[in-house]
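Note: the block below is target_35.cif and it holds mmCIF, C-alpha atoms.
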```
data_query
loop_
_atom_site.label_atom_id
_atom_site.label_comp_id
_atom_site.auth_asym_id
_atom_site.auth_seq_id
_atom_site.Cartn_x
_atom_site.Cartn_y
_atom_site.Cartn_z
CA MET A 1 -84.73 58.99 -25.13
CA PRO A 2 -82.57 60.78 -27.72
CA LEU A 3 -79.12 59.45 -28.51
CA ARG A 4 -76.23 61.79 -27.85
CA GLU A 5 -73.48 62.70 -30.21
CA HIS A 6 -69.99 62.67 -28.81
CA ASN A 7 -69.40 66.33 -28.05
CA GLY A 8 -65.78 66.69 -27.06
CA GLY A 9 -65.08 68.05 -23.62
CA LEU A 10 -61.62 66.53 -23.59
CA MET A 11 -60.10 69.42 -21.66
CA THR A 12 -62.83 69.16 -19.00
CA ALA A 13 -62.12 65.46 -18.59
CA VAL A 14 -58.33 65.87 -18.46
CA LYS A 15 -58.58 68.73 -15.97
CA ALA A 16 -60.96 66.78 -13.75
CA THR A 17 -58.64 63.76 -13.81
CA LEU A 18 -55.68 65.95 -12.81
CA VAL A 19 -57.64 67.51 -9.95
CA ARG A 20 -58.97 64.13 -8.81
CA ASP A 21 -55.59 62.41 -8.71
CA LEU A 22 -53.90 65.37 -7.03
CA THR A 23 -56.61 65.52 -4.36
CA LEU A 24 -56.39 61.78 -3.77
CA LEU A 25 -52.61 61.75 -3.39
CA LEU A 26 -52.51 64.86 -1.23
CA ARG A 27 -54.98 63.16 1.11
CA ARG A 28 -52.71 60.11 1.35
CA ARG A 29 -49.51 61.95 2.18
CA GLY A 30 -47.71 58.82 3.29
CA GLU A 31 -47.68 57.54 -0.26
CA VAL A 32 -46.20 60.81 -1.52
CA LEU A 33 -43.58 60.98 1.24
CA ASN A 34 -42.48 57.35 0.89
CA PRO A 35 -40.13 57.78 -2.10
CA LEU A 36 -38.75 61.02 -0.68
CA VAL A 37 -37.93 59.40 2.65
CA PHE A 38 -36.36 56.45 0.84
CA PHE A 39 -34.22 58.85 -1.22
CA ALA A 40 -33.07 60.74 1.88
CA LEU A 41 -32.30 57.55 3.84
CA VAL A 42 -30.19 55.99 1.10
CA ILE A 43 -28.16 59.14 0.56
CA THR A 44 -27.64 59.60 4.31
CA LEU A 45 -26.28 56.10 4.70
CA PHE A 46 -23.63 56.29 1.97
CA PRO A 47 -21.18 58.73 3.62
CA ILE A 48 -21.49 56.71 6.83
CA ALA A 49 -20.81 53.40 5.10
CA ILE A 50 -18.11 54.48 2.63
CA SER A 51 -16.12 57.38 4.00
CA PRO A 52 -16.76 61.02 4.86
CA ASP A 53 -13.82 62.03 2.66
CA PRO A 54 -15.20 64.91 0.52
CA GLU A 55 -12.89 64.20 -2.42
CA LEU A 56 -13.98 60.59 -2.73
CA LEU A 57 -17.64 61.47 -2.23
CA ALA A 58 -17.54 64.19 -4.85
CA VAL A 59 -16.49 61.62 -7.44
CA ILE A 60 -19.30 59.18 -6.72
CA ALA A 61 -21.99 61.70 -5.70
CA PRO A 62 -23.59 62.22 -9.14
CA GLY A 63 -24.04 58.49 -9.69
CA LEU A 64 -25.30 57.89 -6.14
CA LEU A 65 -27.84 60.67 -6.27
CA TRP A 66 -29.13 59.55 -9.64
CA VAL A 67 -29.35 55.86 -8.77
CA ALA A 68 -31.14 56.59 -5.49
CA ALA A 69 -33.60 58.95 -7.19
CA LEU A 70 -34.26 56.39 -9.93
CA LEU A 71 -34.99 53.64 -7.41
CA ALA A 72 -37.20 55.96 -5.38
CA ALA A 73 -39.22 56.78 -8.50
CA LEU A 74 -39.43 53.08 -9.35
CA LEU A 75 -40.71 52.31 -5.86
CA SER A 76 -43.70 54.58 -6.28
CA LEU A 77 -44.76 53.26 -9.68
CA ASP A 78 -46.67 50.19 -8.61
CA SER A 79 -49.45 52.24 -7.03
CA LEU A 80 -49.98 54.37 -10.14
CA PHE A 81 -52.97 52.41 -11.49
CA ARG A 82 -53.39 49.89 -8.67
CA SER A 83 -56.13 51.54 -6.63
CA ASP A 84 -58.08 52.49 -9.76
CA TYR A 85 -57.91 48.88 -10.87
CA ASP A 86 -59.06 47.57 -7.50
CA ASP A 87 -62.08 49.82 -7.06
CA GLY A 88 -63.33 49.63 -10.65
CA SER A 89 -62.60 53.21 -11.70
CA LEU A 90 -60.07 51.96 -14.25
CA GLU A 91 -62.78 50.23 -16.29
CA GLN A 92 -64.83 53.43 -16.11
CA LEU A 93 -61.79 55.36 -17.35
CA LEU A 94 -61.52 52.98 -20.30
CA LEU A 95 -65.22 53.35 -21.08
CA ALA A 96 -65.14 57.15 -21.05
CA PRO A 97 -65.92 58.67 -24.44
CA GLN A 98 -62.52 60.39 -24.34
CA PRO A 99 -59.17 59.27 -25.73
CA LEU A 100 -57.53 57.07 -23.11
CA VAL A 101 -54.15 58.39 -24.24
CA ALA A 102 -54.93 61.87 -22.91
CA LEU A 103 -56.44 60.63 -19.66
CA SER A 104 -53.52 58.34 -18.87
CA LEU A 105 -51.11 61.16 -19.67
CA ALA A 106 -52.92 63.24 -17.04
CA LYS A 107 -52.41 60.47 -14.49
CA VAL A 108 -48.69 60.23 -15.31
CA ALA A 109 -48.37 64.02 -15.04
CA VAL A 110 -49.73 63.88 -11.49
CA HIS A 111 -47.29 61.09 -10.65
CA TRP A 112 -44.37 63.19 -11.86
CA LEU A 113 -45.60 66.33 -10.06
CA LEU A 114 -45.74 64.50 -6.73
CA THR A 115 -42.75 62.16 -7.15
CA GLY A 116 -40.23 63.27 -9.77
CA LEU A 117 -40.42 66.99 -9.14
CA PRO A 118 -40.07 66.75 -5.33
CA LEU A 119 -37.13 64.35 -5.81
CA ALA A 120 -35.46 66.86 -8.13
CA LEU A 121 -36.03 69.71 -5.68
CA MET A 122 -34.75 67.66 -2.76
CA ALA A 123 -31.60 66.37 -4.49
CA PRO A 124 -29.48 69.56 -4.06
CA ILE A 125 -30.00 69.43 -0.28
CA LEU A 126 -28.87 65.81 -0.21
CA GLY A 127 -26.01 66.82 -2.52
CA ILE A 128 -24.60 68.94 0.30
CA MET A 129 -24.36 65.80 2.43
CA LEU A 130 -22.29 64.15 -0.30
CA ALA A 131 -20.02 67.20 -0.59
CA LEU A 132 -21.14 67.80 -4.16
CA PRO A 133 -18.91 70.58 -5.57
CA ALA A 134 -20.53 74.00 -5.88
CA GLY A 135 -21.77 74.87 -9.33
CA SER A 136 -23.34 71.52 -10.07
CA TYR A 137 -26.46 71.90 -7.92
CA ALA A 138 -28.62 73.58 -10.53
CA VAL A 139 -27.62 71.00 -13.15
CA LEU A 140 -28.45 68.20 -10.70
CA ALA A 141 -31.96 69.53 -10.09
CA LEU A 142 -32.57 70.26 -13.75
CA SER A 143 -31.30 66.89 -14.98
CA LEU A 144 -33.45 65.11 -12.39
CA ALA A 145 -36.53 67.15 -13.27
CA LEU A 146 -36.12 66.28 -16.96
CA GLY A 147 -35.06 62.70 -16.32
CA THR A 148 -37.76 61.74 -13.82
CA ALA A 149 -40.43 62.89 -16.27
CA SER A 150 -39.11 60.30 -18.73
CA LEU A 151 -38.91 57.76 -15.90
CA SER A 152 -42.56 58.36 -14.97
CA LEU A 153 -43.68 57.96 -18.58
CA ILE A 154 -41.66 54.80 -19.25
CA GLY A 155 -42.48 53.34 -15.85
CA ALA A 156 -46.19 53.89 -16.37
CA ILE A 157 -46.06 51.45 -19.31
CA GLY A 158 -44.76 48.77 -16.95
CA ALA A 159 -47.26 49.75 -14.26
CA ALA A 160 -50.11 49.49 -16.77
CA LEU A 161 -48.92 46.07 -17.97
CA THR A 162 -48.62 44.62 -14.46
CA VAL A 163 -51.67 46.23 -12.82
CA GLY A 164 -53.73 43.06 -13.31
CA LEU A 165 -51.20 40.88 -11.51
CA ALA A 166 -51.42 40.35 -7.78
CA ARG A 167 -47.67 40.73 -7.25
CA GLY A 168 -46.50 42.75 -10.18
CA GLY A 169 -43.82 44.70 -8.31
CA VAL A 170 -40.79 42.58 -9.18
CA LEU A 171 -41.90 42.05 -12.76
CA LEU A 172 -42.44 45.78 -13.10
CA SER A 173 -38.85 46.51 -12.04
CA LEU A 174 -37.49 43.91 -14.45
CA LEU A 175 -39.55 45.35 -17.28
CA VAL A 176 -38.67 49.00 -16.91
CA LEU A 177 -35.11 49.00 -15.50
CA PRO A 178 -33.44 48.29 -18.87
CA LEU A 179 -35.38 51.18 -20.36
CA TYR A 180 -34.22 53.46 -17.54
CA ILE A 181 -30.54 52.98 -18.30
CA PRO A 182 -30.16 55.64 -21.05
CA VAL A 183 -31.81 58.22 -18.80
CA LEU A 184 -29.48 57.26 -15.95
CA ILE A 185 -26.35 57.49 -18.10
CA PHE A 186 -27.09 60.95 -19.45
CA GLY A 187 -28.54 62.23 -16.17
CA ALA A 188 -25.54 61.28 -14.08
CA GLY A 189 -23.30 62.32 -16.97
CA ALA A 190 -24.73 65.85 -16.92
CA VAL A 191 -23.89 66.30 -13.23
CA GLN A 192 -20.42 64.80 -13.72
CA ALA A 193 -19.76 67.18 -16.60
CA ALA A 194 -20.83 70.11 -14.43
CA ILE A 195 -18.36 69.06 -11.73
CA PHE A 196 -15.46 68.79 -14.18
CA GLY A 197 -16.41 72.11 -15.72
CA GLU A 198 -17.28 70.67 -19.11
CA GLY A 199 -20.31 71.70 -21.13
CA VAL A 200 -23.54 70.23 -19.80
CA SER A 201 -25.80 71.30 -22.64
CA ALA A 202 -25.16 68.15 -24.69
CA HIS A 203 -26.24 65.88 -21.83
CA LEU A 204 -29.27 68.00 -21.00
CA ALA A 205 -30.23 68.13 -24.67
CA ILE A 206 -30.18 64.33 -24.88
CA LEU A 207 -32.27 64.11 -21.68
CA GLY A 208 -34.71 66.52 -23.30
CA ALA A 209 -34.76 64.42 -26.46
CA LEU A 210 -35.44 61.28 -24.42
CA LEU A 211 -38.31 63.09 -22.71
CA ALA A 212 -39.72 64.26 -26.04
CA ALA A 213 -39.55 60.72 -27.42
CA SER A 214 -41.23 59.26 -24.31
CA LEU A 215 -43.90 61.96 -24.41
CA MET A 216 -44.69 61.03 -27.98
CA LEU A 217 -44.64 57.24 -27.69
CA ALA A 218 -45.30 56.27 -24.06
CA PRO A 219 -48.94 57.49 -23.76
CA TRP A 220 -49.97 55.18 -26.62
CA ALA A 221 -48.15 52.28 -25.05
CA ILE A 222 -49.72 53.02 -21.65
CA ALA A 223 -53.22 53.12 -23.14
CA ALA A 224 -52.66 49.87 -25.03
CA SER A 225 -51.21 48.20 -21.93
CA LEU A 226 -54.19 49.24 -19.83
CA ARG A 227 -56.53 47.70 -22.42
CA ILE A 228 -54.54 44.46 -22.27
CA SER A 229 -54.59 44.42 -18.46
CA ILE A 230 -58.34 44.99 -18.23
CA ASN A 231 -58.88 42.21 -20.76
CA GLY A 232 -57.17 39.58 -18.62
CA MET B 1 -83.85 58.04 -32.83
CA SER B 2 -84.00 54.56 -31.39
CA LEU B 3 -81.05 52.46 -30.42
CA CYS B 4 -80.19 48.92 -31.31
CA LEU B 5 -77.36 46.78 -30.02
CA GLN B 6 -76.89 43.48 -31.85
CA ALA B 7 -74.60 40.57 -31.24
CA ARG B 8 -74.20 37.76 -33.76
CA GLN B 9 -72.80 34.32 -33.04
CA LEU B 10 -71.06 35.40 -29.86
CA ALA B 11 -68.82 32.84 -28.23
CA CYS B 12 -66.53 33.21 -25.29
CA GLU B 13 -64.03 30.71 -23.94
CA ARG B 14 -62.48 30.80 -20.49
CA ASP B 15 -59.92 28.25 -19.29
CA ASP B 16 -60.77 25.71 -22.02
CA ARG B 17 -64.47 25.94 -21.25
CA TRP B 18 -67.09 27.58 -23.46
CA LEU B 19 -69.11 30.05 -21.42
CA PHE B 20 -71.51 30.46 -24.30
CA GLN B 21 -71.49 29.68 -28.00
CA GLY B 22 -73.51 30.88 -30.96
CA LEU B 23 -75.33 33.50 -28.93
CA ASP B 24 -77.53 35.87 -30.97
CA LEU B 25 -78.85 38.86 -29.17
CA GLU B 26 -80.67 42.02 -30.06
CA VAL B 27 -81.50 44.81 -27.65
CA ARG B 28 -83.69 47.74 -28.67
CA SER B 29 -85.12 50.90 -27.19
CA GLY B 30 -87.79 50.36 -24.56
CA GLU B 31 -86.51 47.02 -23.34
CA ILE B 32 -85.18 45.67 -20.09
CA VAL B 33 -83.10 42.59 -20.81
CA ARG B 34 -82.19 40.43 -17.87
CA ILE B 35 -79.27 38.05 -18.32
CA GLU B 36 -79.82 34.97 -16.18
CA GLY B 37 -77.70 32.02 -15.22
CA PRO B 38 -75.95 30.34 -12.32
CA ASN B 39 -72.66 31.62 -10.88
CA GLY B 40 -69.82 31.29 -13.34
CA SER B 41 -72.07 31.01 -16.39
CA GLY B 42 -70.51 34.08 -18.00
CA LYS B 43 -72.99 36.85 -17.23
CA THR B 44 -70.33 39.37 -16.33
CA SER B 45 -68.17 38.33 -19.30
CA LEU B 46 -71.15 38.81 -21.62
CA LEU B 47 -71.82 42.30 -20.23
CA LYS B 48 -68.15 43.17 -20.59
CA ILE B 49 -68.12 41.99 -24.17
CA LEU B 50 -71.29 43.91 -24.96
CA SER B 51 -69.91 47.08 -23.39
CA GLY B 52 -66.70 46.74 -25.38
CA GLN B 53 -64.29 45.95 -22.55
CA LEU B 54 -63.28 42.44 -23.51
CA SER B 55 -61.86 41.76 -26.92
CA ASP B 56 -61.18 38.08 -26.32
CA TYR B 57 -64.33 36.66 -27.95
CA GLN B 58 -65.69 35.38 -31.24
CA GLY B 59 -68.61 36.88 -33.12
CA GLU B 60 -69.67 40.33 -34.16
CA LEU B 61 -71.20 43.34 -32.47
CA PHE B 62 -73.28 46.03 -34.14
CA TRP B 63 -74.41 49.39 -32.83
CA ASN B 64 -77.36 50.84 -34.74
CA GLY B 65 -76.45 48.67 -37.71
CA ALA B 66 -72.80 49.75 -37.91
CA ALA B 67 -69.93 47.48 -36.87
CA MET B 68 -68.82 48.24 -33.32
CA ASN B 69 -65.23 49.20 -34.28
CA GLU B 70 -66.54 52.03 -36.42
CA ALA B 71 -69.34 53.16 -34.14
CA ARG B 72 -67.40 52.85 -30.89
CA GLU B 73 -67.22 56.55 -30.11
CA HIS B 74 -70.95 57.05 -30.59
CA PHE B 75 -71.62 53.89 -28.60
CA LEU B 76 -69.48 55.02 -25.65
CA ALA B 77 -71.17 58.43 -25.65
CA ASN B 78 -74.49 56.66 -25.04
CA LEU B 79 -73.36 53.97 -22.63
CA LEU B 80 -73.50 53.91 -18.87
CA TYR B 81 -71.81 50.84 -17.42
CA LEU B 82 -71.86 49.97 -13.74
CA GLY B 83 -69.65 47.01 -12.94
CA HIS B 84 -69.22 44.70 -9.98
CA ALA B 85 -66.92 47.18 -8.29
CA PRO B 86 -68.79 50.46 -7.89
CA GLY B 87 -65.84 52.56 -9.13
CA ILE B 88 -66.08 54.93 -6.18
CA LYS B 89 -62.86 56.36 -4.77
CA SER B 90 -62.80 55.94 -1.01
CA GLY B 91 -60.60 59.00 -0.55
CA LEU B 92 -63.06 61.33 -2.27
CA SER B 93 -66.47 62.51 -1.11
CA PRO B 94 -69.57 61.43 -3.05
CA LEU B 95 -69.76 64.92 -4.57
CA GLU B 96 -66.16 64.76 -5.79
CA ASN B 97 -66.66 61.26 -7.15
CA LEU B 98 -69.68 62.35 -9.14
CA ALA B 99 -67.92 65.50 -10.36
CA TRP B 100 -65.19 63.34 -11.92
CA TYR B 101 -67.69 61.07 -13.63
CA GLN B 102 -69.57 64.05 -14.99
CA ALA B 103 -66.37 65.63 -16.30
CA LEU B 104 -65.24 62.32 -17.77
CA SER B 105 -68.15 62.44 -20.18
CA GLY B 106 -67.20 65.99 -21.12
CA GLU B 107 -69.78 67.91 -19.11
CA SER B 108 -68.61 70.28 -16.41
CA GLY B 109 -72.06 70.29 -14.76
CA ASN B 110 -72.73 72.08 -11.53
CA GLU B 111 -72.95 71.23 -7.88
CA GLU B 112 -76.74 71.61 -7.77
CA GLN B 113 -77.21 68.73 -10.24
CA ARG B 114 -74.89 66.54 -8.21
CA LEU B 115 -76.63 67.37 -4.91
CA GLU B 116 -79.96 66.59 -6.54
CA ALA B 117 -78.71 63.25 -7.86
CA LEU B 118 -77.38 62.31 -4.42
CA GLU B 119 -80.66 63.29 -2.79
CA ARG B 120 -82.54 61.09 -5.23
CA VAL B 121 -80.58 58.02 -4.10
CA GLY B 122 -81.15 58.90 -0.46
CA LEU B 123 -77.71 60.24 0.35
CA ALA B 124 -78.67 63.78 1.34
CA GLY B 125 -76.45 64.74 4.24
CA PHE B 126 -73.59 62.47 3.16
CA GLU B 127 -72.33 64.71 0.34
CA ASP B 128 -69.02 65.58 1.95
CA VAL B 129 -68.26 62.42 3.91
CA PRO B 130 -65.28 60.51 2.45
CA ALA B 131 -66.78 57.60 0.52
CA GLY B 132 -64.51 55.20 2.42
CA GLN B 133 -66.55 55.87 5.55
CA LEU B 134 -69.84 55.00 3.83
CA SER B 135 -71.34 51.50 3.95
CA ALA B 136 -71.16 49.20 0.94
CA GLY B 137 -74.80 49.94 0.13
CA GLN B 138 -74.25 53.67 0.34
CA GLN B 139 -71.23 53.42 -1.95
CA ARG B 140 -73.34 51.50 -4.44
CA ARG B 141 -75.92 54.28 -4.20
CA VAL B 142 -73.28 56.88 -5.06
CA ALA B 143 -72.55 54.88 -8.21
CA LEU B 144 -76.28 54.62 -8.96
CA ALA B 145 -76.60 58.40 -8.67
CA ARG B 146 -74.83 58.50 -12.04
CA LEU B 147 -77.97 57.07 -13.65
CA THR B 148 -79.78 60.37 -13.09
CA LEU B 149 -76.74 62.64 -13.20
CA THR B 150 -75.44 61.63 -16.62
CA PRO B 151 -78.43 60.44 -18.65
CA ARG B 152 -77.49 57.80 -21.21
CA ALA B 153 -79.72 55.72 -23.45
CA LEU B 154 -78.07 52.34 -22.82
CA TRP B 155 -77.57 51.12 -19.26
CA VAL B 156 -75.41 48.06 -18.71
CA LEU B 157 -75.70 47.11 -15.05
CA ASP B 158 -73.83 44.22 -13.47
CA GLU B 159 -75.56 43.20 -10.22
CA PRO B 160 -76.80 46.72 -9.44
CA PHE B 161 -78.92 45.50 -6.50
CA THR B 162 -75.92 44.24 -4.49
CA ALA B 163 -75.92 45.61 -0.93
CA ILE B 164 -78.96 47.80 -1.56
CA ASP B 165 -81.77 47.69 1.04
CA ARG B 166 -85.34 46.65 0.21
CA HIS B 167 -86.57 50.18 -0.18
CA GLY B 168 -83.71 51.05 -2.51
CA VAL B 169 -84.32 47.92 -4.59
CA ALA B 170 -87.94 48.95 -5.23
CA ASP B 171 -86.80 52.46 -6.17
CA LEU B 172 -84.17 51.17 -8.56
CA GLU B 173 -86.64 48.78 -10.18
CA ARG B 174 -89.07 51.64 -10.80
CA GLN B 175 -86.18 53.64 -12.26
CA LEU B 176 -85.31 50.82 -14.68
CA VAL B 177 -88.91 50.57 -15.90
CA ALA B 178 -89.21 54.36 -16.24
CA HIS B 179 -85.99 54.42 -18.26
CA ALA B 180 -87.28 51.74 -20.64
CA GLN B 181 -90.63 53.52 -20.97
CA ALA B 182 -88.82 56.73 -21.89
CA GLY B 183 -87.18 54.90 -24.80
CA GLY B 184 -83.99 53.88 -23.06
CA CYS B 185 -82.67 50.39 -22.78
CA VAL B 186 -81.37 48.35 -19.84
CA LEU B 187 -79.14 45.28 -19.83
CA VAL B 188 -78.94 43.85 -16.36
CA THR B 189 -77.70 40.82 -14.46
CA THR B 190 -79.15 40.15 -11.05
CA HIS B 191 -80.08 37.30 -8.76
CA HIS B 192 -82.90 39.43 -7.44
CA GLU B 193 -86.32 38.58 -8.93
CA LEU B 194 -87.49 41.52 -11.04
CA THR B 195 -91.20 42.37 -11.00
CA ALA B 196 -92.88 41.12 -14.16
CA SER B 197 -93.33 43.85 -16.73
CA PRO B 198 -94.21 43.75 -20.43
CA LEU B 199 -90.90 45.46 -21.10
CA LEU B 200 -88.86 42.75 -19.40
CA ARG B 201 -87.16 40.04 -21.45
CA ARG B 202 -84.93 37.23 -20.21
CA ILE B 203 -81.86 35.64 -21.72
CA SER B 204 -80.54 32.49 -20.08
CA LEU B 205 -76.93 31.42 -20.06
CA GLY B 206 -75.45 28.14 -18.96
#
```

This entry written out as structure tokens:
Amino acid sequence: MPLREHNGGLMTAVKATLVRDLTLLLRRRGEVLNPLVFFALVITLFPIAISPDPELLAVIAPGLLWVAALLAALLSLDSLFRSDYDDGSLEQLLLAPQPLVALSLAKVAVHWLLTGLPLALMAPILGIMLALPAGSYAVLALSLALGTASLSLIGAIGAALTVGLARGGVLLSLLVLPLYIPVLIFGAGAVQAAIFGEGVSAHLAILGALLAASLMLAPWAIAASLRISING
Amino acid sequence: MSLCLQARQLACERDDRWLFQGLDLEVRSGEIVRIEGPNGSGKTSLLKILSGQLSDYQGELFWNGAAMNEAREHFLANLLYLGHAPGIKSGLSPLENLAWYQALSGESGNEEQRLEALERVGLAGFEDVPAGQLSAGQQRRVALARLTLTPRALWVLDEPFTAIDRHGVADLERQLVAHAQAGGCVLVTTHHELTASPLLRRISLG
């Protein structure tokens, strides 16, 4: 039997991983809807608990929306590699003759597409409930779309590190929350600036820079963390 | 070109206990090597070390004479590893599962090949059933379909006979022998007694 040379096919593998994860998640809709329902519930409860006064709500709305979206994204992270770890496909992923960095990036991309992006699209509707002033809706959606991509990338490092642990959920939150804080500050800051009529481009540019940095560094950290987890 | 996987002075420690020490091993084309030993003697750990999944060990590994770190890409391109867990997604059909595995090795393949591979393991008619609804043995068969679908020279199989019926066991055994005769190489752990064959070699642990 002749030995094979490694003959590339990276794009085929990445595409197949994207399709596979999308199919799997779309067949388990509950898992996709969970963070969205959580987001909607939290935001619905705030005006009831605090006060329906639009002026007060408008002040705290950017922070509330961002914190709720961040927690919703965090909630969905634990399952990112969990089922692959349990059924043995994670070890097959690690043994594929393809760079693990690219394959794990594909998995994170699917997570963002089905968690971060829907959260960003849903936020303006919830913003109405919090009497968010007109003119800040587009900035809210855009800042969340940019920010949640960073959150997915950073969170995936924690998910990869804790996938081997039976109850990694709490540890995962402790690990990634400190890293989420810069994204939260500039994300909520962008919406606040839009409300006060200041320039938002500086905030959005920093969010973009954070995303660029995570895109460059996080995939390597995710791949290394997965190797550590499978070793244990 | 023949293949050769060598291990020199392998030692692996788990929870302050040596699973094995000073293990020398050489596996070449045309061999079926059966790793034997009681439960907990480190068979799975040894297979994981040999397939490059565990790095927590002492000793050296060589692939065709080159150190494993340097030859890893070539090694992975020729390796087919089936672990304890079959690696089959319960939410996907057998066809979709196989399509991902085929793509993972860089081949896009076509549906005909996948249908043929499924038919060979006796799963004709189950192509589109979600794998979660299949029995444990049938799921194992989906994983075994990869043996014909993505031909690789080196097979590392951890308990491949688990949950397989008697008929399937005989089929799989014939497949292992045929693979070795064709110049391939099989590393296997099993509690099932393999039929004696001149190609079969045993290594005992523990």

Wanna dump the chain A-chain B contacts at 12 Å for me, each residue with its shortest atom pair and the distance in Å to one decimal, counting all atoms listed in the file, ordered by chain and number, as a Markdown table?
```
| residue | atom | partner | partner_atom | distance |
| --- | --- | --- | --- | --- |
| A:Met1 | CA | B:Gly183 | CA | 4.8 |
| A:Pro2 | CA | B:Met1 | CA | 5.9 |
| A:Leu3 | CA | B:Ala153 | CA | 6.3 |
| A:Arg4 | CA | B:Asn78 | CA | 6.1 |
| A:Glu5 | CA | B:His74 | CA | 6.2 |
| A:His6 | CA | B:Ala77 | CA | 5.4 |
| A:Asn7 | CA | B:Gly106 | CA | 7.3 |
| A:Gly8 | CA | B:Gly106 | CA | 6.1 |
| A:Gly9 | CA | B:Gly106 | CA | 3.9 |
| A:Leu10 | CA | B:Gly106 | CA | 6.1 |
| A:Met11 | CA | B:Gly106 | CA | 7.9 |
| A:Thr12 | CA | B:Ala103 | CA | 5.7 |
| A:Ala13 | CA | B:Leu104 | CA | 4.5 |
| A:Val14 | CA | B:Leu104 | CA | 7.8 |
| A:Lys15 | CA | B:Ala103 | CA | 8.4 |
| A:Ala16 | CA | B:Trp100 | CA | 5.8 |
| A:Thr17 | CA | B:Trp100 | CA | 6.8 |
| A:Leu18 | CA | B:Trp100 | CA | 9.9 |
| A:Val19 | CA | B:Trp100 | CA | 8.8 |
| A:Arg20 | CA | B:Trp100 | CA | 7.0 |
| A:Asp21 | CA | B:Leu92 | CA | 9.9 |
| A:Leu22 | CA | B:Leu92 | CA | 11.1 |
| A:Thr23 | CA | B:Leu92 | CA | 8.0 |
| A:Leu24 | CA | B:Gly91 | CA | 6.0 |
| A:Leu25 | CA | B:Gly91 | CA | 8.9 |
| A:Leu26 | CA | B:Gly91 | CA | 10.0 |
| A:Arg27 | CA | B:Gly91 | CA | 7.2 |
| A:Arg28 | CA | B:Gly91 | CA | 8.2 |
| A:Arg29 | CA | B:Gly91 | CA | 11.8 |
| A:Ser83 | CA | B:Lys89 | CA | 8.5 |
| A:Asp84 | CA | B:Gly87 | CA | 7.8 |
| A:Tyr85 | CA | B:Gly87 | CA | 8.9 |
| A:Asp86 | CA | B:Ala85 | CA | 7.9 |
| A:Asp87 | CA | B:Gly87 | CA | 5.1 |
| A:Gly88 | CA | B:Gly87 | CA | 4.1 |
| A:Ser89 | CA | B:Gly87 | CA | 4.2 |
| A:Leu90 | CA | B:Gly87 | CA | 7.7 |
| A:Glu91 | CA | B:Gln53 | CA | 7.7 |
| A:Gln92 | CA | B:Gly87 | CA | 7.1 |
| A:Leu93 | CA | B:Leu104 | CA | 7.8 |
| A:Leu94 | CA | B:Gln53 | CA | 7.9 |
| A:Leu95 | CA | B:Leu76 | CA | 6.5 |
| A:Ala96 | CA | B:Leu104 | CA | 6.1 |
| A:Pro97 | CA | B:Leu76 | CA | 5.2 |
| A:Gln98 | CA | B:Ser105 | CA | 7.3 |
| A:Pro99 | CA | B:Glu73 | CA | 9.6 |
| A:Leu100 | CA | B:Leu104 | CA | 10.7 |
| A:Ala102 | CA | B:Leu104 | CA | 11.5 |
| A:Leu103 | CA | B:Leu104 | CA | 9.2 |
| A:Leu226 | CA | B:Gln53 | CA | 11.0 |
| A:Arg227 | CA | B:Gln53 | CA | 8.0 |
| A:Ile228 | CA | B:Leu54 | CA | 9.1 |
| A:Ser229 | CA | B:Leu54 | CA | 10.2 |
| A:Ile230 | CA | B:Gln53 | CA | 7.4 |
| A:Asn231 | CA | B:Leu54 | CA | 5.2 |
| A:Gly232 | CA | B:Leu54 | CA | 8.3 |
```

If the PyMOL selection byres ((chain A and resi 174-186) around 8) is run on the structure shown, which residues does it catch, given as a PyMOL selection string?
chain A and resi 66-67+70+147+150-151+154-155+158+170-173+187-190+203-204+206-207+210

Would you save the residues from that selection as a compact mmCIF listing (two decimals), in the coordinates of the input, using C-alpha atoms?
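Final output, saved to selection31.txt:
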```
# COMPACT_ATOMS: atom_id res chain seq x y z
CA TRP A 66 -29.13 59.55 -9.64
CA VAL A 67 -29.35 55.86 -8.77
CA LEU A 70 -34.26 56.39 -9.93
CA GLY A 147 -35.06 62.70 -16.32
CA SER A 150 -39.11 60.30 -18.73
CA LEU A 151 -38.91 57.76 -15.90
CA ILE A 154 -41.66 54.80 -19.25
CA GLY A 155 -42.48 53.34 -15.85
CA GLY A 158 -44.76 48.77 -16.95
CA VAL A 170 -40.79 42.58 -9.18
CA LEU A 171 -41.90 42.05 -12.76
CA LEU A 172 -42.44 45.78 -13.10
CA SER A 173 -38.85 46.51 -12.04
CA GLY A 187 -28.54 62.23 -16.17
CA ALA A 188 -25.54 61.28 -14.08
CA GLY A 189 -23.30 62.32 -16.97
CA ALA A 190 -24.73 65.85 -16.92
CA HIS A 203 -26.24 65.88 -21.83
CA LEU A 204 -29.27 68.00 -21.00
CA ILE A 206 -30.18 64.33 -24.88
CA LEU A 207 -32.27 64.11 -21.68
CA LEU A 210 -35.44 61.28 -24.42
```

Pull out every residue that the PyMOL selection byres ((chain B and resi 201) around 12) matches in the shown coordinates and put them as a ChimeraX atom specification.
/B:25-28,30-36,180,185-189,194-200,202-204

Evaluate the PyMOL selection byres ((chain A and resi 43) around 12) and record the selected residues as a PyMOL selection string, following the chain and residue labels used in the document.
chain A and resi 36-42+44-50+57+60-69+71-72+122-131

Rounded to one decimal in Å, what is the spacing between atom CA of Glu111 of chain B and atom CA of Glu127 of chain B?
10.5 Å

Compile the contact shell of Glu119 of chain B as JSON, numbers by chain: residues with an atom at most 12 Å away, counting all atoms listed in the file, same-chain residues fewer than 5 positions apart removed.
{"B": [94, 95, 112, 113, 114, 124, 125, 126, 127, 138, 141, 142, 144, 145, 146, 148, 149]}
